[in-house]
Amino acid sequence: MCCSIFVLVLIFQIDCSNMETLTHLLKASLGTGILSMPLAFKSAGLVGGIFAMVITAFICTHCSYILVSVRIHLK
Amino acid sequence: MTQSIITMTIHFELQVKCAHTLYVRTRRTTMSFSEVAEVAFSNGPKWGRPFAKFSKILILVSLFATYFGTCSVYTVIIAKNYKQVLDHHFGVDFLELRMCIAILLIPLILLAWVPNLKYLAPVSMVANLFMGLGLGITFYYLVKDLPPIEESTVMVGHYGDFPQFFAIAIFAIEAIGVVMPLENQMKTPQNFVGVCGVLNVGMAGVSLVYILLGFLGFLRYGNFTSDNITLNLPNEEL
């Protein structure tokens with residue numbers, strides 16, 4: 001996981017304050033739930049799980065996106 | 001050994017979760033999630049304005065319900081992991097699961113008394129380390145004896161089972177409660193959103209790790225996959 005963070009830093013040139021935020025975000029969503037993911041894949045299947053996970057991630061990101069854009073709009 | 005490290009990881013992870021929740025509650029100077037809802041409603045179209053107070057309360061109650069639910073699940077997960085370690089060392093059913101949860105109450109209450117996120121920062125750094133270590137060890141055990149994909153492996157599940165998938169996935173990935181505090185404390189909030197912004201990059205990385213672990217875990221243990229992948233890992237090397 002640490003390696004993946006470094007790769008992300010290299011690719012996207014994220015500065016220090018953004019890096020901190022990224023770490024917090026990873027900590028918040030990379031929780032204990034990850035240990036239950038194999039069970040989730042058991043009910044959705046190997047290929048179906050990948051697609052459904054992408055959809056779920058997209059929806060979650062979209063919701064956060066809406067929240068932040070409302071906040072920016074209100075400022 | 002593996003299990004204890006992962007258990008510690010989970011424990012620290014819970015602290016971090018609590019810290020975030022506290023942060024949501026104590027960050028007064030900037031807008032929180034519920035305040036955003038309230039201001040949004042009171043500045044919106046005319047018919048929506050009377051609902052401003054109601055929306056704030058609705059958001060607060062929903063946030064409480066979410067975090068209450070997830071934290072309850074975390075407690076059960078921590079207790080199950082400790083129980084497995086205890087069972088291995090002191091014989092089967094040394095402590096009942098409910099007793100484990102009751103004992104966990106003491107450290108958890110003490111943790112909840114920590115008033116400031118700043119005191120938890122070093123602990124959260126250690127938590128990150130343990131988290132990476134635990135995930136690394138889990139991946140190692142999953143990849144070690146990875147079977148080939150067989151005909152019998154479920155490729156696309158039954159549509160009736162998909163709700164369970166979405167329940168677990170959203171439980172795992174949801175971070176809506178921390179989005180507002182994070183955006184508030186950023187020096188350059190304009191970098192948070194955007195195509196290559198922190199939010200997109202973070203979520204992409206997270207879902208990649210999730211897909212990898214879910215895929216490998218199910219491939220490795222098949223129909224014997226338990227509700228917590230650490231319970232599947234071998235105990236012989238403890």
# chains A, B, ... in the order shown; residues from 1 in each chain; ligands from 1
$ residues_around --residues "range 193-207 of chain B" --least-positions-apart "4" --cutoff "8 Å" --atoms "only C-alpha atoms" --output "ChimeraX atom specification"
/A:4,8,12,18,21-22,25-26,29-30,53-54,57,61,65,68 /B:173,189,211
$ write_last_selection --atoms "C-alpha atoms" --output "JSON list (two decimals), in the first residue's frame"
[["chain", "number", "residue", "atom", "x", "y", "z"],
["A", 4, "SER", "CA", 1.18, 2.47, -4.25],
["A", 8, "LEU", "CA", 0.71, 7.95, -6.98],
["A", 12, "PHE", "CA", 0.47, 12.96, -10.13],
["A", 18, "ASN", "CA", -2.31, 17.32, -0.62],
["A", 21, "THR", "CA", -5.06, 14.86, 2.80],
["A", 22, "LEU", "CA", -4.58, 11.84, 0.57],
["A", 25, "LEU", "CA", -8.59, 9.87, 2.81],
["A", 26, "LEU", "CA", -6.89, 6.51, 2.35],
["A", 29, "SER", "CA", -11.86, 4.55, 3.32],
["A", 30, "LEU", "CA", -9.22, 1.81, 3.48],
["A", 53, "MET", "CA", -16.82, -2.54, -7.33],
["A", 54, "VAL", "CA", -15.94, 0.01, -10.01],
["A", 57, "ALA", "CA", -16.48, 3.42, -6.17],
["A", 61, "THR", "CA", -16.82, 9.40, -5.38],
["A", 65, "TYR", "CA", -17.98, 15.29, -5.36],
["A", 68, "VAL", "CA", -17.76, 19.40, -2.07],
["B", 173, "ILE", "CA", -15.50, 2.24, 0.91],
["B", 189, "PRO", "CA", -8.93, 23.09, -1.55],
["B", 211, "ILE", "CA", -10.62, -5.28, -6.07]]
$ closest_atom_pairs --of "chain B" --to "chain A" --cutoff "6 Å" --atoms "only C-alpha atoms" --output "JSON lines"
{"residue": "B:Gly132", "atom": "CA", "partner": "A:Met1", "partner_atom": "CA", "distance": 5.7}
{"residue": "B:Val154", "atom": "CA", "partner": "A:Gly45", "partner_atom": "CA", "distance": 4.8}
{"residue": "B:Met155", "atom": "CA", "partner": "A:Gly45", "partner_atom": "CA", "distance": 4.5}
{"residue": "B:Val156", "atom": "CA", "partner": "A:Gly45", "partner_atom": "CA", "distance": 4.4}
{"residue": "B:Gly157", "atom": "CA", "partner": "A:Ala44", "partner_atom": "CA", "distance": 4.3}
{"residue": "B:Asp161", "atom": "CA", "partner": "A:Ser43", "partner_atom": "CA", "distance": 5.3}
{"residue": "B:Phe162", "atom": "CA", "partner": "A:Ala44", "partner_atom": "CA", "distance": 5.6}
{"residue": "B:Phe165", "atom": "CA", "partner": "A:Ala40", "partner_atom": "CA", "distance": 4.5}
{"residue": "B:Ala172", "atom": "CA", "partner": "A:Gly33", "partner_atom": "CA", "distance": 4.1}
{"residue": "B:Ile173", "atom": "CA", "partner": "A:Ser29", "partner_atom": "CA", "distance": 4.9}
{"residue": "B:Ala175", "atom": "CA", "partner": "A:Ser29", "partner_atom": "CA", "distance": 5.3}
{"residue": "B:Ile176", "atom": "CA", "partner": "A:Ser64", "partner_atom": "CA", "distance": 6.0}
{"residue": "B:Val198", "atom": "CA", "partner": "A:Leu22", "partner_atom": "CA", "distance": 5.9}
{"residue": "B:Gly214", "atom": "CA", "partner": "A:Pro38", "partner_atom": "CA", "distance": 4.0}
{"residue": "B:Gly217", "atom": "CA", "partner": "A:Pro38", "partner_atom": "CA", "distance": 4.9}
{"residue": "B:Phe218", "atom": "CA", "partner": "A:Pro38", "partner_atom": "CA", "distance": 4.8}
{"residue": "B:Asp227", "atom": "CA", "partner": "A:Ser36", "partner_atom": "CA", "distance": 5.6}
{"residue": "B:Asn228", "atom": "CA", "partner": "A:Ser36", "partner_atom": "CA", "distance": 5.0}
{"residue": "B:Ile229", "atom": "CA", "partner": "A:Leu35", "partner_atom": "CA", "distance": 5.2}
$ atom_distance --atom1 "CA of Cys100 in chain B" --atom2 "CA of Ala79 in chain B"
5.5 Å
